[in-house]
Amino acid sequence: MPIAMRTDGDNVYRVEIQGTLKKADLDRCQEQLEAEMRRVGPVRLLFVLKDFDGWEPRKDWNDLTFFVKHGDSIERIAIVGPARWKGESLMFAGADLRRAPVEFFDEADAAGARTWLAA
């Protein structure tokens, strides 16, 4: 599967995305995350882009249902990946729309991302 989520302890969840992200895979991950938020409350997310190729071509990537319903339950988002994906991934994460801070970290600075998430 090109997207996998696991807990990194407490309320921090690591989401690894590999290859081309498909909408159906993202929807399944969001369902899992929704269940975790019901269980633990607000979460912090660490997205790791590994051999990432981008998003499958679709017209419905602008569906904001999850963001509107659960955006306030996300405290921070750190994205770790190659610098070439910085602008698009911040835009995809809705960095300018969220109350929660969203930061991008170069793939060589995964430790910095974890430190920032814990702050």
# chains A, B, ... in the order shown; residues from 1 in each chain; ligands from 1

call {"tool": "residues_around", "arguments": {"residues": "A:Gly81", "least_positions_apart": "3", "cutoff": "8 Å", "atoms": "only C-alpha atoms", "output": "number ranges by chain"}}
result
A: 48-50, 85-86, 104-107

call {"tool": "write_last_selection", "arguments": {"atoms": "C-alpha atoms", "output": "compact mmCIF listing (two decimals), in the first residue's frame"}}
result
# COMPACT_ATOMS: atom_id res chain seq x y z
CA VAL A 48 7.15 11.00 5.48
CA LEU A 49 7.43 11.07 1.69
CA LYS A 50 9.51 8.07 0.56
CA TRP A 85 7.82 18.46 -3.01
CA LYS A 86 7.81 21.31 -0.47
CA PHE A 104 8.15 21.05 5.81
CA PHE A 105 11.50 19.43 6.61
CA ASP A 106 14.08 18.15 4.16
CA GLU A 107 14.42 14.38 4.16

call {"tool": "select_by_dssp", "arguments": {"residues": "stretch 59-96 of chain A", "states": "helix (DSSP H, G or I)", "output": "list of chain:residue names"}}
result
A:Thr65, A:Phe66, A:Phe67, A:Val68, A:Lys69, A:His70, A:Gly71, A:Asp72, A:Ser73, A:Ala83, A:Arg84, A:Trp85, A:Lys86, A:Gly87, A:Glu88, A:Ser89, A:Leu90, A:Met91, A:Phe92

call {"tool": "atom_distance", "arguments": {"atom1": "atom CA of A:Asp25", "atom2": "atom CA of A:Ala119"}}
result
29.6 Å

call {"tool": "closest_residue", "arguments": {"among": "A:Val80, A:Leu26, A:Ile74, A:Ala93", "to": "A:Asp109", "atoms": "only C-alpha atoms"}}
result
A:Val80

call {"tool": "residues_around", "arguments": {"residues": "stretch 2-10 of chain A", "least_positions_apart": "2", "cutoff": "8 Å", "atoms": "only C-alpha atoms", "output": "count of residues only"}}
result
14

call {"tool": "closest_residue", "arguments": {"among": "A:Arg38, A:Arg44, A:Arg98, A:Arg28", "to": "A:Ala113", "atoms": "only C-alpha atoms"}}
result
A:Arg44

call {"tool": "atom_distance", "arguments": {"atom1": "atom CA of A:Val40", "atom2": "atom CA of A:Lys23"}}
result
25.2 Å

call {"tool": "closest_residue", "arguments": {"among": "A:Phe52, A:Leu46, A:His70, A:Asp63", "to": "A:Glu34", "atoms": "only C-alpha atoms"}}
result
A:His70

call {"tool": "atom_distance", "arguments": {"atom1": "atom CA of A:Val43", "atom2": "atom CA of A:Glu75"}}
result
5.8 Å

call {"tool": "select_by_dssp", "arguments": {"residues": "stretch 59-109 of chain A", "states": "strand (DSSP E)", "output": "MDAnalysis selection string"}}
result
chainID A and resid 74:81 102:106

call {"tool": "write_last_selection", "arguments": {"atoms": "N, CA and C atoms", "output": "CSV table (one decimal), in the first residue's frame"}}
result
chain,number,residue,atom,x,y,z
A,74,ILE,N,-6.3,18.3,14.9
A,74,ILE,CA,-4.9,18.1,14.5
A,74,ILE,C,-4.1,19.3,15.0
A,75,GLU,N,-3.1,19.0,15.9
A,75,GLU,CA,-2.4,20.1,16.6
A,75,GLU,C,-1.2,20.6,15.8
A,76,ARG,N,-0.5,19.7,15.1
A,76,ARG,CA,0.7,20.1,14.3
A,76,ARG,C,0.8,19.1,13.1
A,77,ILE,N,1.4,19.5,12.0
A,77,ILE,CA,1.7,18.6,10.9
A,77,ILE,C,3.1,18.9,10.5
A,78,ALA,N,4.0,17.9,10.5
A,78,ALA,CA,5.3,18.0,9.9
A,78,ALA,C,5.4,17.1,8.7
A,79,ILE,N,6.0,17.6,7.6
A,79,ILE,CA,6.1,16.8,6.4
A,79,ILE,C,7.6,16.7,6.1
A,80,VAL,N,8.1,15.5,5.9
A,80,VAL,CA,9.5,15.2,5.7
A,80,VAL,C,9.6,14.6,4.3
A,81,GLY,N,10.4,15.2,3.4
A,81,GLY,CA,10.6,14.7,2.1
A,81,GLY,C,11.6,15.5,1.3
A,102,VAL,N,1.9,24.0,10.2
A,102,VAL,CA,2.4,22.9,9.2
A,102,VAL,C,3.8,23.4,8.8
A,103,GLU,N,4.7,22.5,8.9
A,103,GLU,CA,6.1,22.7,8.5
A,103,GLU,C,6.6,21.6,7.6
A,104,PHE,N,7.5,22.0,6.7
A,104,PHE,CA,8.1,21.1,5.8
A,104,PHE,C,9.6,20.9,6.2
A,105,PHE,N,10.1,19.7,6.2
A,105,PHE,CA,11.5,19.4,6.6
A,105,PHE,C,12.1,18.6,5.5
A,106,ASP,N,13.4,18.9,5.2
A,106,ASP,CA,14.1,18.2,4.2
A,106,ASP,C,14.3,16.7,4.7

call {"tool": "decode", "arguments": {"residues": "stretch 70-99 of chain A", "atoms": "N, CA and C atoms", "output": "compact mmCIF listing (two decimals), in the first residue's frame"}}
result
# COMPACT_ATOMS: atom_id res chain seq x y z
N HIS A 70 -12.51 17.61 10.93
CA HIS A 70 -11.49 17.19 11.90
C HIS A 70 -10.28 18.10 12.00
N GLY A 71 -10.27 19.18 11.24
CA GLY A 71 -9.09 20.05 11.22
C GLY A 71 -8.66 20.56 12.58
N ASP A 72 -9.62 20.85 13.44
CA ASP A 72 -9.28 21.36 14.78
C ASP A 72 -8.75 20.28 15.72
N SER A 73 -8.82 19.02 15.31
CA SER A 73 -8.31 17.91 16.13
C SER A 73 -6.88 17.56 15.74
N ILE A 74 -6.29 18.34 14.86
CA ILE A 74 -4.90 18.14 14.47
C ILE A 74 -4.09 19.32 15.00
N GLU A 75 -3.14 19.02 15.90
CA GLU A 75 -2.38 20.07 16.58
C GLU A 75 -1.21 20.60 15.76
N ARG A 76 -0.51 19.71 15.06
CA ARG A 76 0.66 20.08 14.26
C ARG A 76 0.82 19.06 13.14
N ILE A 77 1.40 19.52 12.04
CA ILE A 77 1.72 18.62 10.93
C ILE A 77 3.14 18.92 10.49
N ALA A 78 3.97 17.88 10.48
CA ALA A 78 5.32 17.97 9.94
C ALA A 78 5.37 17.08 8.70
N ILE A 79 5.95 17.61 7.65
CA ILE A 79 6.10 16.85 6.41
C ILE A 79 7.59 16.72 6.14
N VAL A 80 8.06 15.50 5.93
CA VAL A 80 9.47 15.24 5.67
C VAL A 80 9.58 14.64 4.27
N GLY A 81 10.41 15.24 3.44
CA GLY A 81 10.56 14.71 2.09
C GLY A 81 11.57 15.49 1.29
N PRO A 82 11.72 15.12 0.03
CA PRO A 82 12.63 15.85 -0.86
C PRO A 82 12.15 17.29 -1.06
N ALA A 83 13.08 18.22 -1.13
CA ALA A 83 12.75 19.64 -1.25
C ALA A 83 11.86 19.93 -2.45
N ARG A 84 11.94 19.13 -3.49
CA ARG A 84 11.14 19.39 -4.70
C ARG A 84 9.64 19.30 -4.44
N TRP A 85 9.24 18.62 -3.33
CA TRP A 85 7.82 18.46 -3.01
C TRP A 85 7.33 19.47 -1.98
N LYS A 86 8.18 20.38 -1.56
CA LYS A 86 7.81 21.31 -0.47
C LYS A 86 6.55 22.12 -0.79
N GLY A 87 6.55 22.87 -1.86
CA GLY A 87 5.43 23.75 -2.18
C GLY A 87 4.12 22.99 -2.37
N GLU A 88 4.16 21.94 -3.15
CA GLU A 88 2.94 21.18 -3.42
C GLU A 88 2.42 20.47 -2.18
N SER A 89 3.32 19.94 -1.35
CA SER A 89 2.83 19.22 -0.17
C SER A 89 2.27 20.18 0.88
N LEU A 90 2.85 21.37 1.02
CA LEU A 90 2.29 22.36 1.94
C LEU A 90 0.92 22.83 1.46
N MET A 91 0.79 23.00 0.15
CA MET A 91 -0.49 23.40 -0.41
C MET A 91 -1.51 22.26 -0.22
N PHE A 92 -1.12 21.03 -0.47
CA PHE A 92 -2.01 19.88 -0.32
C PHE A 92 -2.47 19.75 1.14
N ALA A 93 -1.57 20.04 2.07
CA ALA A 93 -1.90 19.94 3.50
C ALA A 93 -2.75 21.13 3.98
N GLY A 94 -2.95 22.11 3.13
CA GLY A 94 -3.74 23.28 3.52
C GLY A 94 -3.03 24.12 4.56
N ALA A 95 -1.72 24.23 4.44
CA ALA A 95 -0.91 24.92 5.45
C ALA A 95 -1.41 26.33 5.75
N ASP A 96 -1.84 27.05 4.74
CA ASP A 96 -2.29 28.43 4.96
C ASP A 96 -3.72 28.53 5.46
N LEU A 97 -4.44 27.42 5.46
CA LEU A 97 -5.84 27.41 5.87
C LEU A 97 -6.05 26.92 7.30
N ARG A 98 -5.08 26.24 7.82
CA ARG A 98 -5.22 25.58 9.12
C ARG A 98 -4.86 26.49 10.29
N ARG A 99 -5.50 26.21 11.42
CA ARG A 99 -5.07 26.85 12.68
C ARG A 99 -3.76 26.23 13.14
